[in-house]
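J.: You'll find upload08.csv just under this line, and it carries CSV, C-alpha atoms.
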```csv
chain,number,residue,atom,x,y,z
A,1,MET,CA,0.0,0.0,0.0
A,2,THR,CA,1.2,3.5,-0.8
A,3,ILE,CA,0.8,6.4,1.7
A,4,THR,CA,0.3,9.7,-0.2
A,5,ALA,CA,0.8,12.8,1.8
A,6,ALA,CA,1.6,16.5,1.1
A,7,ALA,CA,4.3,18.3,3.1
A,8,ASP,CA,4.7,22.0,3.3
A,9,GLY,CA,6.3,24.8,5.3
A,10,SER,CA,5.6,28.5,6.0
A,11,ALA,CA,7.5,31.4,7.4
A,12,LEU,CA,6.0,34.8,8.1
A,13,GLY,CA,8.8,37.1,7.0
A,14,ASN,CA,11.2,34.3,6.1
A,15,PRO,CA,12.8,34.2,8.5
A,16,GLY,CA,10.1,34.8,11.1
A,17,PRO,CA,7.4,32.8,12.9
A,18,ALA,CA,7.5,29.5,11.1
A,19,GLY,CA,5.3,26.5,10.7
A,20,TRP,CA,5.3,23.1,9.0
A,21,ALA,CA,2.6,20.5,8.3
A,22,TRP,CA,2.0,17.2,6.5
A,23,TYR,CA,-1.4,16.1,5.4
A,24,VAL,CA,-3.0,12.8,4.3
A,25,ASN,CA,-6.7,13.6,5.0
A,26,ASP,CA,-8.7,15.5,7.6
A,27,ASP,CA,-8.2,12.6,10.1
A,28,CYS,CA,-4.5,12.1,9.5
A,29,TRP,CA,-2.3,15.2,9.6
A,30,ARG,CA,0.2,16.9,11.9
A,31,ALA,CA,1.6,20.4,12.2
A,32,GLY,CA,4.1,22.4,14.3
A,33,GLY,CA,6.5,25.2,14.2
A,34,TRP,CA,8.8,27.7,16.0
A,35,PRO,CA,8.8,31.3,17.0
A,36,HIS,CA,11.6,31.9,14.4
A,37,GLY,CA,12.6,30.0,11.3
A,38,THR,CA,12.7,29.9,7.6
A,39,ASN,CA,10.4,28.5,4.9
A,40,ASN,CA,13.0,25.9,3.9
A,41,GLN,CA,13.3,24.8,7.5
A,42,GLY,CA,9.6,24.3,7.7
A,43,GLU,CA,9.5,22.3,4.5
A,44,LEU,CA,12.3,20.0,5.7
A,45,MET,CA,10.7,19.5,9.1
A,46,ALA,CA,7.4,18.5,7.5
A,47,VAL,CA,9.2,15.8,5.6
A,48,LEU,CA,11.2,14.6,8.6
A,49,ASP,CA,8.1,14.4,10.8
A,50,LEU,CA,6.2,12.5,8.1
A,51,PHE,CA,8.9,9.9,8.0
A,52,ARG,CA,9.0,9.6,11.7
A,53,ALA,CA,5.2,9.4,12.0
A,54,THR,CA,5.1,6.5,9.5
A,55,ALA,CA,8.2,4.7,10.8
A,56,HIS,CA,6.0,1.8,12.1
A,57,LEU,CA,4.9,1.3,8.5
A,58,ALA,CA,8.3,1.0,7.0
A,59,GLY,CA,7.2,-1.7,4.5
A,60,GLU,CA,4.8,0.7,2.8
A,61,GLU,CA,5.9,3.2,0.2
A,62,LEU,CA,5.6,6.8,1.1
A,63,HIS,CA,4.6,9.2,-1.8
A,64,ILE,CA,5.4,12.7,-0.8
A,65,LEU,CA,3.9,15.7,-2.6
A,66,CYS,CA,6.1,18.7,-2.2
A,67,ASP,CA,6.1,22.2,-3.7
A,68,SER,CA,9.8,22.8,-2.7
A,69,GLN,CA,12.4,22.0,-5.3
A,70,TYR,CA,15.0,22.7,-2.6
A,71,VAL,CA,13.7,19.9,-0.4
A,72,ILE,CA,13.3,17.4,-3.3
A,73,ASN,CA,16.7,18.1,-4.7
A,74,SER,CA,18.3,18.1,-1.3
A,75,VAL,CA,16.9,14.7,-0.4
A,76,THR,CA,17.1,12.9,-3.8
A,77,LYS,CA,20.1,14.5,-5.5
A,78,TRP,CA,22.5,16.5,-3.3
A,79,MET,CA,22.7,14.7,0.1
A,80,PRO,CA,25.0,11.8,-1.1
A,81,GLY,CA,27.6,14.4,-2.3
A,82,TRP,CA,27.3,16.5,0.8
A,83,LYS,CA,27.8,13.5,3.0
A,84,ARG,CA,31.0,12.5,1.1
A,85,LYS,CA,32.3,16.0,1.6
A,86,GLY,CA,31.6,16.1,5.3
A,87,TRP,CA,28.3,17.9,4.8
A,88,ARG,CA,29.9,20.7,2.8
A,89,LYS,CA,28.9,22.1,-0.6
A,90,SER,CA,31.1,22.0,-3.7
A,91,ASP,CA,32.4,25.4,-2.8
A,92,GLY,CA,33.5,24.2,0.7
A,93,LYS,CA,30.9,26.1,2.6
A,94,PRO,CA,28.8,24.3,5.2
A,95,VAL,CA,25.4,23.0,4.1
A,96,LEU,CA,22.5,25.0,5.4
A,97,ASN,CA,20.0,23.3,7.7
A,98,VAL,CA,22.5,20.5,8.1
A,99,GLU,CA,21.0,19.1,11.3
A,100,LEU,CA,17.6,18.7,9.8
A,101,LEU,CA,19.1,17.1,6.7
A,102,LYS,CA,21.1,14.6,8.8
A,103,GLU,CA,17.9,13.6,10.6
A,104,ILE,CA,16.1,13.1,7.3
A,105,ASP,CA,19.1,11.1,6.0
A,106,GLN,CA,18.7,8.7,9.0
A,107,ALA,CA,15.0,8.5,8.7
A,108,LEU,CA,15.3,7.4,5.1
A,109,ALA,CA,17.1,4.2,6.0
A,110,GLY,CA,15.1,1.2,5.0
A,111,ARG,CA,12.2,3.2,3.7
A,112,LYS,CA,10.6,3.1,0.3
A,113,TYR,CA,9.6,6.6,-0.9
A,114,THR,CA,9.1,8.9,-3.9
A,115,PHE,CA,8.8,12.6,-4.1
A,116,GLU,CA,6.5,14.4,-6.5
A,117,TRP,CA,6.8,18.1,-7.2
A,118,VAL,CA,3.5,20.0,-7.2
A,119,ARG,CA,3.0,23.6,-7.9
A,120,GLY,CA,2.2,25.5,-4.7
A,121,HIS,CA,-1.0,27.7,-4.4
A,122,ALA,CA,-2.4,26.1,-7.6
A,123,GLY,CA,-5.5,24.4,-6.1
A,124,HIS,CA,-4.0,21.0,-5.4
A,125,ASP,CA,-6.2,19.7,-2.6
A,126,LEU,CA,-3.5,18.0,-0.5
A,127,ASN,CA,-0.9,20.7,-1.0
A,128,GLU,CA,-3.4,23.4,-0.1
A,129,ALA,CA,-4.5,21.5,3.1
A,130,ALA,CA,-0.8,21.2,4.2
A,131,ASP,CA,-0.1,24.8,3.4
A,132,ASP,CA,-3.1,26.0,5.3
A,133,ARG,CA,-2.0,24.1,8.4
A,134,ALA,CA,1.6,25.2,8.1
A,135,ARG,CA,0.6,28.8,7.8
A,136,ALA,CA,-1.8,28.5,10.7
A,137,ALA,CA,1.0,27.1,12.9
A,138,ALA,CA,3.3,30.0,11.9
A,139,THR,CA,0.5,32.5,12.7
A,140,ALA,CA,-0.1,30.9,16.1
A,141,TYR,CA,3.6,31.4,17.0
A,142,GLN,CA,3.3,35.0,15.7
A,143,GLN,CA,0.4,35.5,18.1
A,144,GLY,CA,2.1,33.7,21.0
A,145,ILE,CA,-0.5,31.0,21.2
A,146,ALA,CA,-0.3,27.2,20.9
A,147,PRO,CA,-0.8,25.9,17.4
A,148,ARG,CA,-3.1,23.1,16.4
A,149,ARG,CA,-1.0,20.0,16.3
A,150,GLY,CA,-3.4,17.6,14.6
A,151,PRO,CA,-4.1,14.0,15.3
A,152,GLY,CA,-0.9,12.6,13.9
A,153,PHE,CA,-0.8,9.5,11.7
A,154,VAL,CA,-4.1,7.8,12.2
A,155,ARG,CA,-6.0,5.7,9.7
A,156,ALA,CA,-8.9,3.3,9.7
A,157,GLY,CA,-7.8,-0.2,10.7
A,158,ASP,CA,-4.6,0.8,12.5
A,159,ASP,CA,-4.2,-0.9,15.9
A,160,ALA,CA,-5.1,1.7,18.5
A,161,ALA,CA,-2.3,0.8,20.8
A,162,GLN,CA,0.2,1.0,18.0
A,163,THR,CA,-1.2,4.3,16.9
A,164,ALA,CA,-0.9,5.7,20.4
A,165,GLN,CA,2.7,4.5,20.7
A,166,GLN,CA,3.7,6.1,17.4
A,167,ASN,CA,1.8,9.3,18.1
A,168,PRO,CA,1.6,10.0,21.8
A,169,ALA,CA,0.2,13.4,21.0
A,170,ALA,CA,-2.9,12.1,19.3
A,171,PRO,CA,-5.9,13.8,20.9
A,172,GLY,CA,-9.3,12.3,21.7
A,173,ALA,CA,-12.5,14.3,21.4
A,174,GLY,CA,-12.4,18.0,21.7
A,175,GLU,CA,-9.5,20.4,21.2
A,176,PRO,CA,-6.2,19.1,19.8
A,177,VAL,CA,-3.5,18.3,22.4
A,178,PRO,CA,-0.1,20.0,22.0
A,179,ALA,CA,2.6,17.5,20.9
A,180,GLY,CA,3.9,15.2,23.5
A,181,GLN,CA,1.5,16.3,26.2
A,182,ALA,CA,-1.0,13.4,26.2
A,183,LYS,CA,1.0,11.3,28.5
A,184,ALA,CA,3.6,12.7,30.8
A,185,ALA,CA,4.0,11.1,34.2
A,186,ALA,CA,0.8,9.1,34.6
A,187,GLY,CA,-2.5,9.1,32.8
A,188,THR,CA,-3.9,11.7,30.5
A,189,ARG,CA,-4.1,15.4,31.4
A,190,PRO,CA,-6.3,18.1,29.9
A,191,ALA,CA,-4.4,20.5,27.8
A,192,PRO,CA,-3.2,23.5,29.7
A,193,THR,CA,-4.1,26.9,28.3
A,194,ALA,CA,-1.3,28.4,26.4
A,195,ALA,CA,0.2,31.4,28.1
A,196,ARG,CA,-0.9,34.7,26.5
A,197,GLY,CA,1.4,37.5,27.2
A,198,SER,CA,4.7,39.2,26.6
A,199,ALA,CA,7.9,37.7,25.5
A,200,ARG,CA,9.1,38.1,29.1
A,201,GLU,CA,6.3,35.9,30.3
A,202,PHE,CA,7.1,33.3,27.6
A,203,PHE,CA,10.9,33.3,27.9
A,204,GLY,CA,11.8,35.0,31.1
A,205,GLU,CA,10.6,32.3,33.5
A,206,PRO,CA,12.9,29.9,35.3
A,207,THR,CA,13.1,26.7,33.2
A,208,LEU,CA,14.6,23.3,33.4
A,209,PHE,CA,18.0,24.8,32.6
A,210,GLY,CA,18.1,27.6,35.2
A,211,GLU,CA,17.4,31.2,34.6
A,212,SER,CA,16.8,32.6,31.1
A,213,GLY,CA,16.3,36.0,29.6
A,214,LEU,CA,15.5,35.4,26.0
A,215,PHE,CA,14.4,38.4,24.0
A,216,ALA,CA,16.3,37.8,20.7
A,217,GLU,CA,14.9,35.5,18.0
A,218,PRO,CA,16.6,32.1,18.1
A,219,ASP,CA,17.3,30.1,15.1
A,220,LEU,CA,16.0,26.6,14.2
A,221,PHE,CA,17.5,23.5,15.7
A,222,SER,CA,17.0,19.8,15.2
A,223,GLU,CA,18.1,16.8,17.2
A,224,LEU,CA,21.3,15.0,16.4
A,225,GLU,CA,21.1,11.2,16.8
A,226,ALA,CA,24.6,10.8,18.3
A,227,GLU,CA,25.9,8.3,20.8
A,228,SER,CA,25.5,9.6,24.2
A,229,ARG,CA,28.6,10.3,26.3
A,230,ALA,CA,26.8,8.7,29.1
A,231,ALA,CA,26.3,5.5,27.1
A,232,ALA,CA,30.0,4.9,27.6
A,233,ALA,CA,29.4,4.6,31.4
A,234,SER,CA,29.9,1.2,33.0
A,235,PRO,CA,26.9,-1.1,32.2
A,236,GLU,CA,26.8,-1.9,35.9
A,237,GLN,CA,26.0,1.7,36.8
A,238,ALA,CA,22.5,2.0,38.3
A,239,PRO,CA,19.9,3.8,36.2
A,240,GLU,CA,19.4,6.3,39.0
A,241,ALA,CA,23.1,7.3,38.9
A,242,ILE,CA,23.1,7.6,35.1
A,243,VAL,CA,20.0,9.8,35.1
A,244,GLU,CA,21.4,12.0,37.9
A,245,ALA,CA,24.7,12.5,35.9
A,246,LEU,CA,22.7,13.4,32.8
A,247,GLU,CA,20.6,15.9,34.7
A,248,ARG,CA,23.7,17.5,36.1
A,249,GLU,CA,25.1,17.7,32.5
A,250,LEU,CA,21.9,19.5,31.4
A,251,LEU,CA,22.5,22.2,34.0
A,252,LEU,CA,25.8,23.2,32.3
A,253,PRO,CA,25.6,26.1,29.9
A,254,GLU,CA,28.0,24.4,27.5
A,255,THR,CA,25.6,21.5,27.2
A,256,ARG,CA,22.5,23.7,26.9
A,257,SER,CA,24.1,25.6,24.0
A,258,ASP,CA,25.0,22.5,22.1
A,259,VAL,CA,21.9,21.5,20.1
A,260,GLY,CA,23.6,18.2,19.1
A,261,ARG,CA,23.9,17.2,22.7
A,262,THR,CA,20.5,18.5,23.9
A,263,GLY,CA,19.0,16.7,20.9
A,264,VAL,CA,20.3,13.5,22.2
A,265,LEU,CA,19.3,14.1,25.8
A,266,LEU,CA,15.8,15.4,25.3
A,267,HIS,CA,13.1,12.9,24.2
A,268,PRO,CA,11.4,13.7,20.9
A,269,ASP,CA,8.2,14.1,22.9
A,270,PHE,CA,9.7,16.1,25.7
A,271,ILE,CA,7.6,18.7,27.3
A,272,GLU,CA,8.0,21.1,30.2
A,273,ILE,CA,5.5,23.1,32.1
A,274,GLY,CA,7.0,26.4,33.2
A,275,SER,CA,6.2,28.4,36.3
A,276,SER,CA,3.9,30.7,34.3
A,277,GLY,CA,1.9,27.7,33.0
A,278,ARG,CA,3.5,27.9,29.6
A,279,LEU,CA,3.9,24.6,27.8
A,280,TRP,CA,7.4,24.1,26.3
A,281,THR,CA,7.9,21.5,23.6
A,282,ARG,CA,11.2,20.0,22.8
A,283,ASP,CA,11.6,22.0,19.7
A,284,GLU,CA,10.9,25.3,21.5
A,285,MET,CA,13.2,24.4,24.4
A,286,MET,CA,16.2,23.4,22.2
A,287,MET,CA,15.8,26.5,20.1
A,288,ALA,CA,15.6,28.8,23.1
A,289,LEU,CA,18.7,27.2,24.8
A,290,GLU,CA,20.8,27.6,21.7
A,291,ASP,CA,20.1,31.3,21.8
A,292,ASP,CA,20.5,31.7,25.6
A,293,PRO,CA,21.9,28.8,27.6
A,294,GLY,CA,21.5,30.7,30.8
A,295,VAL,CA,23.8,30.4,33.8
A,296,PRO,CA,25.3,27.4,35.7
A,297,ALA,CA,23.0,25.7,38.2
A,298,GLU,CA,23.9,23.3,41.0
A,299,LEU,CA,21.8,20.3,41.7
A,300,GLU,CA,20.8,19.2,45.3
A,301,LEU,CA,19.4,15.8,44.9
A,302,LEU,CA,16.2,15.0,46.9
A,303,SER,CA,15.3,11.6,45.5
A,304,ALA,CA,15.8,9.3,42.5
A,305,ASP,CA,13.1,6.7,42.2
A,306,ARG,CA,12.8,3.9,39.6
A,307,ILE,CA,9.1,3.9,38.8
A,308,GLY,CA,9.3,1.4,36.0
A,309,GLU,CA,11.7,-0.9,34.2
A,310,GLY,CA,12.8,2.0,32.0
A,311,THR,CA,11.6,5.0,33.9
A,312,VAL,CA,13.3,7.1,36.6
A,313,LEU,CA,11.8,10.1,38.4
A,314,LEU,CA,14.3,12.6,39.7
A,315,SER,CA,13.4,15.3,42.2
A,316,TYR,CA,15.9,17.9,43.2
A,317,ARG,CA,16.5,21.5,44.2
A,318,SER,CA,18.4,23.7,41.7
A,319,HIS,CA,20.6,26.6,42.9
A,320,THR,CA,21.4,29.6,40.7
A,321,ARG,CA,22.6,33.1,41.5
A,322,THR,CA,19.0,34.3,41.6
A,323,GLY,CA,17.5,31.7,43.9
A,324,THR,CA,16.4,28.1,44.2
A,325,ALA,CA,13.7,26.0,42.6
A,326,LEU,CA,12.2,22.6,43.2
A,327,ARG,CA,12.2,20.4,40.1
A,328,SER,CA,11.0,17.0,38.9
A,329,SER,CA,12.3,15.2,35.8
A,330,LEU,CA,11.0,12.1,34.3
A,331,TRP,CA,13.7,10.1,32.4
A,332,VAL,CA,12.8,7.2,30.1
A,333,LEU,CA,15.0,4.6,28.5
A,334,ASP,CA,14.7,5.1,24.7
A,335,GLY,CA,16.6,2.1,23.2
A,336,ALA,CA,20.0,2.3,24.8
A,337,GLN,CA,19.7,6.0,25.6
A,338,TRP,CA,18.2,7.7,28.7
A,339,ARG,CA,16.2,10.7,27.6
A,340,LEU,CA,14.3,13.4,29.5
A,341,ARG,CA,10.6,13.0,28.8
A,342,PHE,CA,9.0,15.5,31.2
A,343,HIS,CA,10.1,18.3,33.5
A,344,GLN,CA,8.4,20.8,35.8
A,345,GLY,CA,10.0,23.4,38.1
A,346,THR,CA,8.6,25.7,40.7
A,347,PRO,CA,10.7,28.6,42.1
A,348,GLU,CA,11.0,28.6,45.9
A,349,ALA,CA,9.9,31.7,47.8
```
Written as structure tokens, that's how I'd like the structure from this file.

T.:
Amino acid sequence: MTITAAADGSALGNPGPAGWAWYVNDDCWRAGGWPHGTNNQGELMAVLDLFRATAHLAGEELHILCDSQYVINSVTKWMPGWKRKGWRKSDGKPVLNVELLKEIDQALAGRKYTFEWVRGHAGHDLNEAADDRARAAATAYQQGIAPRRGPGFVRAGDDAAQTAQQNPAAPGAGEPVPAGQAKAAAGTRPAPTAARGSAREFFGEPTLFGESGLFAEPDLFSELEAESRAAAASPEQAPEAIVEALERELLLPETRSDVGRTGVLLHPDFIEIGSSGRLWTRDEMMMALEDDPGVPAELELLSADRIGEGTVLLSYRSHTRTGTALRSSLWVLDGAQWRLRFHQGTPEA
């Protein structure tokens, strides 16, 4: 069976508030974005997320409708040469959007796929639907509200449990749930209302990584699938000790400013609930940290509890120059890598 989907990106200002989306039908689509990015980054992210969302159907061919010659040529023509040259172009300059391209390159392994160029804004039903959702996501970030994420990859006849595993953000009835929010520590929670306010309210609050004062526009990021430095630890080391070491590493500014490292340590469905009630996704957090890694923080461990075979809950007090906060982090074992799935922090009076 062939899965046919349109993928598109949008940027208001290019660069500016950016969105991406892929679309199969009204019951099977997904969208997202960032406060600042380019149209090409949105186009690439739409393709990457589509491959990830259909990873459990690797035996089926993926037919991608795309109005971006840049994306099609990057994936089907240029990437092999870029890889041979160490991800550099023929003139020796670094390839743009290299992290997204590396992720796509990894996602292509073992997949059957074809790309078809379609003219944008020409009335093609699937392309128009993807474009509408990508532009809506960009507009939501422009307005400082949560975008509609969509149900993810869902189709009639799919096993419900498998669908939920592949798309933990899939909502039930009612309003769409922001990506990664459906299951955090235990059970399903209602979606918190997105914070509506100034940039200071959005970015000035204490976060997982200490204090932050973000007022510049950060650039796009993407995760690097790299071997974790912690993976080299002794196999006899207890999961609680491994997780504590990784949490301490995340409190270092040099780690927070390294998108490759944070991409390894943060789970793809990572979310954080900030002190203002703002919901941070993994994309937003990594992008913010790249721009402003904050200041060093010390960790005073309160408890490290194994609550499942591959789950550790860490509770601690963080100390920075501006005060202390009580924090909880939920780490899960993703393959051989421990990754941070959920975090919440509350400043102490």

J.: Quick one, how far is atom CA of Ala134 of chain A from atom CA of Trp22 of chain A?

T.: 8.2 Å

J.: Contacts between segment 6-10 of chain A and segment 55-102 of chain A, please, where a residue of segment 55-102 of chain A counts if it comes within 10 Å (with only C-alpha atoms); show its shortest atom pair and distance in Å to one decimal, rows by chain and ascending number, as CSV.

T.:
```
residue,atom,partner,partner_atom,distance
A:His63,CA,A:Ala6,CA,8.4
A:Ile64,CA,A:Ala6,CA,5.7
A:Leu65,CA,A:Ala6,CA,4.4
A:Cys66,CA,A:Ala7,CA,5.6
A:Asp67,CA,A:Asp8,CA,7.1
A:Ser68,CA,A:Asp8,CA,7.9
A:Val71,CA,A:Asp8,CA,10.0
```

J.: Smallest atom-to-atom distance to Trp87 of chain A: which of A:Ser74, A:Gln69, A:Thr320, A:Thr4, using only C-alpha atoms?

T.: A:Ser74

J.: From the set A:Arg30, A:Ala130, A:Arg256, A:Leu330, which residue has the shortest atom-to-atom contact distance to Thr54 of chain A, counting only C-alpha atoms?

T.: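 The answer is A:Arg30, which sits nearest to Thr54 of chain A.
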
J.: Which one is closest to Leu252 of chain A: A:Leu57, A:Ile271, A:Leu299, A:Ala238? Count all atoms listed in the file.

T.: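 Result for the nearest residue to Leu252 of chain A: A:Leu299.
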